[in-house]
$ cat data_36.txt   # compact mmCIF, N, CA and C atoms
# COMPACT_ATOMS: atom_id res chain seq x y z
N MET A 134 -18.60 -7.06 16.47
CA MET A 134 -17.92 -7.21 15.19
C MET A 134 -18.97 -7.36 14.08
N ALA A 135 -18.65 -6.79 12.94
CA ALA A 135 -19.49 -6.93 11.75
C ALA A 135 -18.82 -7.92 10.81
N ILE A 136 -19.61 -8.65 10.08
CA ILE A 136 -19.07 -9.61 9.12
C ILE A 136 -19.64 -9.29 7.75
N VAL A 137 -18.73 -9.16 6.78
CA VAL A 137 -19.12 -8.98 5.38
C VAL A 137 -18.45 -10.10 4.62
N GLN A 138 -19.24 -10.84 3.84
CA GLN A 138 -18.68 -11.96 3.07
C GLN A 138 -19.26 -11.95 1.66
N ARG A 139 -18.38 -12.16 0.69
CA ARG A 139 -18.78 -12.27 -0.70
C ARG A 139 -17.91 -13.34 -1.34
N ASP A 140 -18.40 -13.91 -2.45
CA ASP A 140 -17.56 -14.86 -3.18
C ASP A 140 -17.78 -14.71 -4.67
N VAL A 141 -16.86 -15.29 -5.43
CA VAL A 141 -16.93 -15.21 -6.88
C VAL A 141 -16.31 -16.48 -7.46
N GLN A 142 -16.87 -16.95 -8.56
CA GLN A 142 -16.32 -18.09 -9.28
C GLN A 142 -15.39 -17.56 -10.36
N ILE A 143 -14.16 -18.08 -10.41
CA ILE A 143 -13.15 -17.61 -11.35
C ILE A 143 -12.75 -18.76 -12.26
N ARG A 144 -12.68 -18.49 -13.56
CA ARG A 144 -12.26 -19.52 -14.52
C ARG A 144 -10.73 -19.54 -14.60
N ALA A 145 -10.13 -20.03 -13.53
CA ALA A 145 -8.68 -20.18 -13.45
C ALA A 145 -8.39 -21.11 -12.28
N SER A 146 -7.22 -21.71 -12.30
CA SER A 146 -6.84 -22.63 -11.22
C SER A 146 -6.56 -21.85 -9.93
N PRO A 147 -6.59 -22.52 -8.79
CA PRO A 147 -6.20 -21.85 -7.55
C PRO A 147 -4.78 -21.27 -7.64
N GLN A 148 -3.87 -21.95 -8.34
CA GLN A 148 -2.50 -21.46 -8.48
C GLN A 148 -2.48 -20.14 -9.25
N GLU A 149 -3.19 -20.09 -10.37
CA GLU A 149 -3.26 -18.86 -11.17
C GLU A 149 -3.94 -17.73 -10.39
N THR A 150 -4.96 -18.08 -9.63
CA THR A 150 -5.70 -17.10 -8.84
C THR A 150 -4.82 -16.52 -7.73
N MET A 151 -4.06 -17.39 -7.05
CA MET A 151 -3.23 -16.95 -5.93
C MET A 151 -2.08 -16.05 -6.39
N ILE A 152 -1.61 -16.23 -7.62
CA ILE A 152 -0.53 -15.38 -8.12
C ILE A 152 -0.92 -13.90 -8.00
N LEU A 153 -2.12 -13.56 -8.45
CA LEU A 153 -2.57 -12.16 -8.37
C LEU A 153 -2.98 -11.78 -6.95
N LEU A 154 -3.68 -12.68 -6.26
CA LEU A 154 -4.15 -12.37 -4.92
C LEU A 154 -3.01 -12.07 -3.96
N SER A 155 -1.90 -12.79 -4.08
CA SER A 155 -0.79 -12.61 -3.14
C SER A 155 0.21 -11.54 -3.59
N ASP A 156 -0.10 -10.82 -4.67
CA ASP A 156 0.75 -9.72 -5.13
C ASP A 156 0.13 -8.39 -4.66
N ALA A 157 0.51 -7.97 -3.45
CA ALA A 157 -0.09 -6.78 -2.85
C ALA A 157 0.17 -5.51 -3.67
N SER A 158 1.22 -5.49 -4.47
CA SER A 158 1.47 -4.31 -5.30
C SER A 158 0.37 -4.12 -6.35
N ARG A 159 -0.37 -5.19 -6.64
CA ARG A 159 -1.47 -5.14 -7.62
C ARG A 159 -2.84 -4.93 -6.99
N TRP A 160 -2.95 -4.94 -5.67
CA TRP A 160 -4.26 -4.77 -5.03
C TRP A 160 -4.99 -3.52 -5.51
N PRO A 161 -4.32 -2.37 -5.66
CA PRO A 161 -5.05 -1.18 -6.15
C PRO A 161 -5.60 -1.35 -7.56
N ASP A 162 -5.08 -2.31 -8.33
CA ASP A 162 -5.59 -2.55 -9.68
C ASP A 162 -7.01 -3.11 -9.66
N TRP A 163 -7.39 -3.73 -8.57
CA TRP A 163 -8.71 -4.36 -8.55
C TRP A 163 -9.58 -3.99 -7.34
N TYR A 164 -8.99 -3.52 -6.24
CA TYR A 164 -9.82 -3.19 -5.07
C TYR A 164 -10.17 -1.70 -5.08
N PRO A 165 -11.47 -1.35 -5.13
CA PRO A 165 -11.88 0.04 -5.26
C PRO A 165 -11.35 0.94 -4.13
N GLY A 166 -10.76 2.06 -4.53
CA GLY A 166 -10.32 3.06 -3.57
C GLY A 166 -9.01 2.81 -2.88
N MET A 167 -8.38 1.67 -3.13
CA MET A 167 -7.13 1.34 -2.44
C MET A 167 -5.96 2.05 -3.11
N THR A 168 -5.10 2.65 -2.29
CA THR A 168 -3.92 3.35 -2.79
C THR A 168 -2.72 3.09 -1.88
N GLU A 169 -1.57 3.41 -2.39
CA GLU A 169 -0.32 3.45 -1.64
C GLU A 169 0.05 2.19 -0.87
N PRO A 170 0.02 1.01 -1.50
CA PRO A 170 0.43 -0.17 -0.75
C PRO A 170 1.92 -0.12 -0.42
N ASN A 171 2.25 -0.33 0.84
CA ASN A 171 3.63 -0.38 1.30
C ASN A 171 3.84 -1.77 1.89
N ILE A 172 4.62 -2.60 1.21
CA ILE A 172 4.75 -4.01 1.53
C ILE A 172 6.03 -4.26 2.32
N THR A 173 5.90 -5.02 3.40
CA THR A 173 7.03 -5.37 4.26
C THR A 173 7.24 -6.88 4.23
N ALA A 174 8.48 -7.30 3.98
CA ALA A 174 8.82 -8.73 3.98
C ALA A 174 8.51 -9.32 5.35
N PRO A 175 8.18 -10.57 5.38
CA PRO A 175 8.27 -11.58 4.33
C PRO A 175 6.96 -11.80 3.56
N PHE A 176 6.21 -10.74 3.26
CA PHE A 176 4.95 -10.87 2.54
C PHE A 176 5.14 -11.69 1.28
N PRO A 177 4.25 -12.64 0.94
CA PRO A 177 2.96 -12.93 1.55
C PRO A 177 3.02 -13.94 2.70
N GLU A 178 4.20 -14.30 3.14
CA GLU A 178 4.33 -15.27 4.23
C GLU A 178 3.90 -14.66 5.57
N GLU A 179 3.70 -15.53 6.57
CA GLU A 179 3.29 -15.09 7.90
C GLU A 179 4.24 -14.04 8.44
N GLY A 180 3.68 -13.00 9.03
CA GLY A 180 4.47 -11.91 9.59
C GLY A 180 4.67 -10.74 8.64
N GLY A 181 4.48 -10.97 7.33
CA GLY A 181 4.58 -9.88 6.36
C GLY A 181 3.44 -8.90 6.55
N LYS A 182 3.66 -7.66 6.12
CA LYS A 182 2.64 -6.62 6.31
C LYS A 182 2.43 -5.83 5.03
N VAL A 183 1.22 -5.29 4.92
CA VAL A 183 0.90 -4.33 3.87
C VAL A 183 0.16 -3.18 4.53
N ALA A 184 0.73 -1.99 4.43
CA ALA A 184 0.04 -0.77 4.88
C ALA A 184 -0.49 -0.08 3.63
N PHE A 185 -1.72 0.39 3.68
CA PHE A 185 -2.33 1.03 2.51
C PHE A 185 -3.40 1.99 2.99
N LYS A 186 -3.96 2.71 2.04
CA LYS A 186 -5.09 3.60 2.33
C LYS A 186 -6.26 3.17 1.45
N VAL A 187 -7.45 3.32 1.99
CA VAL A 187 -8.67 3.06 1.23
C VAL A 187 -9.50 4.34 1.30
N LYS A 188 -9.80 4.88 0.13
CA LYS A 188 -10.63 6.08 0.07
C LYS A 188 -12.08 5.65 -0.05
N SER A 189 -12.87 6.11 0.92
CA SER A 189 -14.28 5.74 0.95
C SER A 189 -15.07 6.95 1.42
N ALA A 190 -16.10 7.29 0.69
CA ALA A 190 -16.96 8.44 1.01
C ALA A 190 -16.13 9.71 1.20
N GLY A 191 -15.09 9.87 0.38
CA GLY A 191 -14.27 11.07 0.41
C GLY A 191 -13.22 11.11 1.52
N VAL A 192 -13.13 10.04 2.30
CA VAL A 192 -12.18 9.98 3.41
C VAL A 192 -11.14 8.90 3.12
N SER A 193 -9.87 9.22 3.36
CA SER A 193 -8.79 8.26 3.17
C SER A 193 -8.49 7.56 4.50
N LEU A 194 -8.71 6.25 4.54
CA LEU A 194 -8.58 5.48 5.77
C LEU A 194 -7.30 4.64 5.74
N PRO A 195 -6.38 4.86 6.69
CA PRO A 195 -5.17 4.03 6.73
C PRO A 195 -5.47 2.69 7.39
N ILE A 196 -4.96 1.63 6.77
CA ILE A 196 -5.15 0.27 7.29
C ILE A 196 -3.83 -0.48 7.11
N THR A 197 -3.49 -1.30 8.08
CA THR A 197 -2.34 -2.20 7.97
C THR A 197 -2.85 -3.62 8.14
N GLU A 198 -2.44 -4.49 7.22
CA GLU A 198 -2.79 -5.90 7.32
C GLU A 198 -1.52 -6.71 7.54
N THR A 199 -1.55 -7.55 8.57
CA THR A 199 -0.43 -8.44 8.89
C THR A 199 -0.85 -9.87 8.57
N VAL A 200 -0.01 -10.61 7.86
CA VAL A 200 -0.33 -11.98 7.50
C VAL A 200 -0.27 -12.86 8.75
N LEU A 201 -1.41 -13.48 9.09
CA LEU A 201 -1.47 -14.43 10.19
C LEU A 201 -1.26 -15.85 9.71
N GLU A 202 -1.76 -16.12 8.50
CA GLU A 202 -1.64 -17.47 7.93
C GLU A 202 -1.61 -17.36 6.41
N TYR A 203 -0.71 -18.13 5.83
CA TYR A 203 -0.60 -18.16 4.37
C TYR A 203 -0.44 -19.61 3.94
N GLN A 204 -1.39 -20.10 3.16
CA GLN A 204 -1.33 -21.44 2.59
C GLN A 204 -1.38 -21.27 1.08
N PRO A 205 -0.26 -21.43 0.39
CA PRO A 205 -0.24 -21.21 -1.06
C PRO A 205 -1.40 -21.91 -1.76
N ASP A 206 -2.05 -21.17 -2.63
CA ASP A 206 -3.15 -21.66 -3.46
C ASP A 206 -4.40 -22.03 -2.67
N ARG A 207 -4.46 -21.66 -1.35
CA ARG A 207 -5.62 -22.01 -0.54
C ARG A 207 -6.14 -20.88 0.33
N LEU A 208 -5.23 -20.14 1.01
CA LEU A 208 -5.71 -19.23 2.04
C LEU A 208 -4.73 -18.11 2.32
N GLN A 209 -5.28 -16.91 2.54
CA GLN A 209 -4.55 -15.78 3.11
C GLN A 209 -5.43 -15.25 4.23
N LEU A 210 -4.86 -15.15 5.43
CA LEU A 210 -5.58 -14.63 6.59
C LEU A 210 -4.78 -13.47 7.15
N PHE A 211 -5.44 -12.31 7.31
CA PHE A 211 -4.78 -11.09 7.76
C PHE A 211 -5.43 -10.56 9.03
N GLN A 212 -4.61 -9.94 9.86
CA GLN A 212 -5.09 -9.12 10.97
C GLN A 212 -5.12 -7.69 10.47
N MET A 213 -6.28 -7.03 10.56
CA MET A 213 -6.42 -5.64 10.12
C MET A 213 -6.31 -4.71 11.33
N GLU A 214 -5.58 -3.60 11.13
CA GLU A 214 -5.46 -2.59 12.16
C GLU A 214 -5.54 -1.22 11.50
N GLY A 215 -6.05 -0.25 12.22
CA GLY A 215 -6.21 1.10 11.68
C GLY A 215 -7.64 1.53 11.87
N MET A 216 -8.22 2.13 10.84
CA MET A 216 -9.61 2.58 10.94
C MET A 216 -10.58 1.40 11.05
N LEU A 217 -10.16 0.25 10.62
CA LEU A 217 -10.91 -0.99 10.84
C LEU A 217 -9.99 -1.93 11.59
N SER A 218 -10.52 -2.65 12.56
CA SER A 218 -9.71 -3.68 13.21
C SER A 218 -10.47 -4.99 13.11
N GLY A 219 -9.74 -6.05 12.91
CA GLY A 219 -10.38 -7.36 12.77
C GLY A 219 -9.57 -8.25 11.87
N ARG A 220 -10.25 -9.09 11.11
CA ARG A 220 -9.57 -10.05 10.24
C ARG A 220 -10.16 -10.04 8.83
N ALA A 221 -9.27 -10.27 7.87
CA ALA A 221 -9.67 -10.43 6.47
C ALA A 221 -9.21 -11.81 6.03
N ARG A 222 -10.13 -12.60 5.52
CA ARG A 222 -9.84 -13.99 5.12
C ARG A 222 -10.17 -14.13 3.64
N TRP A 223 -9.19 -14.62 2.87
CA TRP A 223 -9.35 -14.86 1.44
C TRP A 223 -9.09 -16.35 1.22
N GLU A 224 -10.15 -17.08 0.86
CA GLU A 224 -10.05 -18.53 0.75
C GLU A 224 -10.34 -18.99 -0.67
N LEU A 225 -9.47 -19.84 -1.20
CA LEU A 225 -9.61 -20.38 -2.55
C LEU A 225 -9.99 -21.85 -2.47
N THR A 226 -11.05 -22.21 -3.19
CA THR A 226 -11.52 -23.58 -3.20
C THR A 226 -11.66 -24.04 -4.65
N PRO A 227 -10.97 -25.14 -5.03
CA PRO A 227 -11.18 -25.65 -6.39
C PRO A 227 -12.65 -26.00 -6.58
N GLN A 228 -13.20 -25.59 -7.73
CA GLN A 228 -14.60 -25.87 -8.00
C GLN A 228 -14.78 -26.00 -9.51
N GLY A 229 -15.20 -27.18 -9.95
CA GLY A 229 -15.36 -27.42 -11.37
C GLY A 229 -14.06 -27.18 -12.10
N ASP A 230 -14.11 -26.35 -13.15
CA ASP A 230 -12.90 -26.05 -13.92
C ASP A 230 -12.25 -24.74 -13.46
N GLY A 231 -12.57 -24.31 -12.25
CA GLY A 231 -12.01 -23.05 -11.78
C GLY A 231 -11.83 -23.02 -10.28
N THR A 232 -12.01 -21.83 -9.74
CA THR A 232 -11.77 -21.58 -8.32
C THR A 232 -12.87 -20.71 -7.74
N ARG A 233 -13.36 -21.07 -6.59
CA ARG A 233 -14.28 -20.22 -5.84
C ARG A 233 -13.43 -19.42 -4.85
N LEU A 234 -13.47 -18.09 -4.98
CA LEU A 234 -12.75 -17.21 -4.06
C LEU A 234 -13.77 -16.60 -3.10
N THR A 235 -13.60 -16.87 -1.81
CA THR A 235 -14.49 -16.35 -0.78
C THR A 235 -13.70 -15.39 0.10
N ALA A 236 -14.20 -14.17 0.22
CA ALA A 236 -13.57 -13.15 1.06
C ALA A 236 -14.50 -12.84 2.22
N THR A 237 -13.94 -12.83 3.43
CA THR A 237 -14.70 -12.54 4.63
C THR A 237 -13.97 -11.49 5.44
N PHE A 238 -14.65 -10.38 5.71
CA PHE A 238 -14.12 -9.34 6.58
C PHE A 238 -14.90 -9.41 7.89
N ASP A 239 -14.21 -9.62 8.98
CA ASP A 239 -14.79 -9.65 10.32
C ASP A 239 -14.12 -8.50 11.06
N TYR A 240 -14.84 -7.39 11.26
CA TYR A 240 -14.18 -6.16 11.69
C TYR A 240 -15.03 -5.36 12.67
N ALA A 241 -14.37 -4.40 13.29
CA ALA A 241 -15.05 -3.43 14.15
C ALA A 241 -14.52 -2.05 13.83
N LEU A 242 -15.38 -1.06 13.96
CA LEU A 242 -14.98 0.34 13.81
C LEU A 242 -14.68 0.90 15.19
N PRO A 243 -13.77 1.87 15.26
CA PRO A 243 -13.57 2.53 16.54
C PRO A 243 -14.79 3.39 16.88
N GLY A 244 -14.92 3.78 18.13
CA GLY A 244 -15.99 4.71 18.48
C GLY A 244 -17.11 4.10 19.28
N GLY A 245 -16.93 2.89 19.78
CA GLY A 245 -17.94 2.29 20.66
C GLY A 245 -19.32 2.25 20.03
N VAL A 246 -20.30 2.75 20.74
CA VAL A 246 -21.70 2.72 20.29
C VAL A 246 -21.88 3.51 19.00
N LEU A 247 -21.24 4.69 18.90
CA LEU A 247 -21.37 5.48 17.68
C LEU A 247 -20.78 4.75 16.48
N GLY A 248 -19.66 4.07 16.68
CA GLY A 248 -19.07 3.27 15.60
C GLY A 248 -20.00 2.16 15.16
N LYS A 249 -20.67 1.50 16.11
CA LYS A 249 -21.62 0.43 15.78
C LYS A 249 -22.82 0.97 15.01
N ILE A 250 -23.29 2.15 15.40
CA ILE A 250 -24.43 2.75 14.69
C ILE A 250 -24.02 3.12 13.27
N ALA A 251 -22.85 3.77 13.11
CA ALA A 251 -22.37 4.13 11.77
C ALA A 251 -22.21 2.89 10.92
N ASP A 252 -21.67 1.81 11.51
CA ASP A 252 -21.48 0.58 10.75
C ASP A 252 -22.83 0.03 10.30
N ALA A 253 -23.78 -0.03 11.20
CA ALA A 253 -25.09 -0.58 10.87
C ALA A 253 -25.79 0.23 9.79
N LEU A 254 -25.65 1.56 9.84
CA LEU A 254 -26.36 2.42 8.90
C LEU A 254 -25.67 2.59 7.56
N ILE A 255 -24.34 2.64 7.56
CA ILE A 255 -23.63 3.02 6.34
C ILE A 255 -22.47 2.10 5.98
N VAL A 256 -21.55 1.91 6.91
CA VAL A 256 -20.25 1.31 6.60
C VAL A 256 -20.36 -0.13 6.11
N LYS A 257 -21.17 -0.94 6.75
CA LYS A 257 -21.28 -2.34 6.35
C LYS A 257 -21.75 -2.46 4.90
N ARG A 258 -22.71 -1.65 4.52
CA ARG A 258 -23.21 -1.67 3.13
C ARG A 258 -22.10 -1.24 2.16
N MET A 259 -21.38 -0.16 2.53
CA MET A 259 -20.29 0.31 1.68
C MET A 259 -19.18 -0.74 1.55
N ASN A 260 -18.85 -1.40 2.68
CA ASN A 260 -17.83 -2.45 2.63
C ASN A 260 -18.28 -3.62 1.76
N GLY A 261 -19.53 -3.99 1.88
CA GLY A 261 -20.07 -5.07 1.05
C GLY A 261 -20.02 -4.73 -0.43
N ASN A 262 -20.42 -3.49 -0.77
CA ASN A 262 -20.39 -3.06 -2.17
C ASN A 262 -18.96 -3.01 -2.71
N SER A 263 -18.03 -2.48 -1.91
CA SER A 263 -16.63 -2.42 -2.34
C SER A 263 -16.05 -3.81 -2.53
N LEU A 264 -16.36 -4.71 -1.61
CA LEU A 264 -15.85 -6.08 -1.72
C LEU A 264 -16.40 -6.76 -2.96
N GLU A 265 -17.68 -6.58 -3.22
CA GLU A 265 -18.28 -7.19 -4.41
C GLU A 265 -17.65 -6.65 -5.70
N LYS A 266 -17.49 -5.33 -5.78
CA LYS A 266 -16.84 -4.73 -6.95
C LYS A 266 -15.40 -5.22 -7.07
N GLY A 267 -14.70 -5.27 -5.94
CA GLY A 267 -13.31 -5.74 -5.96
C GLY A 267 -13.19 -7.16 -6.46
N LEU A 268 -14.07 -8.04 -6.01
CA LEU A 268 -14.03 -9.43 -6.47
C LEU A 268 -14.32 -9.53 -7.96
N ASN A 269 -15.27 -8.76 -8.44
CA ASN A 269 -15.58 -8.78 -9.88
C ASN A 269 -14.40 -8.24 -10.70
N ASN A 270 -13.75 -7.17 -10.21
CA ASN A 270 -12.55 -6.65 -10.88
C ASN A 270 -11.43 -7.69 -10.87
N PHE A 271 -11.25 -8.34 -9.72
CA PHE A 271 -10.22 -9.36 -9.57
C PHE A 271 -10.46 -10.50 -10.57
N LYS A 272 -11.70 -10.98 -10.62
CA LYS A 272 -12.07 -12.06 -11.55
C LYS A 272 -11.69 -11.68 -12.99
N ALA A 273 -12.04 -10.46 -13.39
CA ALA A 273 -11.74 -10.02 -14.76
C ALA A 273 -10.22 -10.02 -15.02
N LEU A 274 -9.44 -9.57 -14.05
CA LEU A 274 -7.98 -9.54 -14.23
C LEU A 274 -7.40 -10.94 -14.34
N VAL A 275 -7.84 -11.85 -13.45
CA VAL A 275 -7.31 -13.22 -13.48
C VAL A 275 -7.71 -13.91 -14.78
N GLU A 276 -8.94 -13.76 -15.20
CA GLU A 276 -9.42 -14.46 -16.39
C GLU A 276 -8.84 -13.88 -17.67
N ARG A 277 -8.32 -12.67 -17.62
CA ARG A 277 -7.71 -12.03 -18.79
C ARG A 277 -6.32 -12.59 -19.08
N ARG A 278 -5.70 -13.19 -18.09
CA ARG A 278 -4.31 -13.67 -18.21
C ARG A 278 -4.17 -14.71 -19.28
$ encode --input "data_36.txt" --output "structure tokens"
Amino acid sequence: MAIVQRDVQIRASPQETMILLSDASRWPDWYPGMTEPNITAPFPEEGGKVAFKVKSAGVSLPITETVLEYQPDRLQLFQMEGMLSGRARWELTPQGDGTRLTATFDYALPGGVLGKIADALIVKRMNGNSLEKGLNNFKALVERR
């Protein structure tokens, strides 16, 4: 499994931050390359799902995330399935006059040894860059409110 983790400090309360984070219809507004979110109830509660596509390096990758744990204003934990399998964790921590948002992707690519080589050479860096851009876009949207 590969792990990519990034965080960002947001000048907003955990409650204000979670409003946007838990609105999957808005994910394409801030996460690079994400399209076509299809949300299934009881999202954002446990058992809810979001199927979407992420365009990366000219390829559209289908991914489904199922909510494993949801703690309002604190945590969203997803099981990822599709071109990436693993977990996505979004954790909100009150810090100073705002919120620290930490995102951790713990994932594997299909393809055994070849998938591991591709991840080591290309995919992990691309995922890290996309996550960093996404968090910066997210911060700007939340702070604009």
$ residues_near_point --input "data_36.txt" --point "(-11.1, 6.1, -3.1)" --cutoff "7 Å" --atoms "only N, CA and C atoms" --output "list of chain:residue names"
A:Pro165, A:Gly166, A:Met167, A:Thr168, A:Val187, A:Lys188, A:Ser189, A:Ala190, A:Gly191, A:Val192
$ residues_around --input "data_36.txt" --residues "range 202-205 of chain A" --least-positions-apart "3" --cutoff "6 Å" --atoms "only C-alpha atoms" --output "list of chain:residue names"
A:Glu178, A:Glu179, A:Leu208, A:Gln209, A:Leu210
$ closest_residue --input "data_36.txt" --among "A:Leu268, A:Val275, A:Met213, A:Ile143" --to "Tyr164 in chain A" --atoms "all atoms listed in the file"
A:Leu268
$ residues_around --input "data_36.txt" --residues "Pro175 in chain A" --least-positions-apart "6" --cutoff "10 Å" --atoms "only C-alpha atoms" --output "list of chain:residue names"
A:Gly181, A:Lys182, A:Val200
$ closest_residue --input "data_36.txt" --among "A:Ser158, A:Ala184, A:Thr237, A:Trp163" --to "Lys266 in chain A" --atoms "all atoms listed in the file"
A:Trp163
$ atom_distance --input "data_36.txt" --atom1 "atom C of Thr235 in chain A" --atom2 "atom N of Met216 in chain A"
21.3 Å
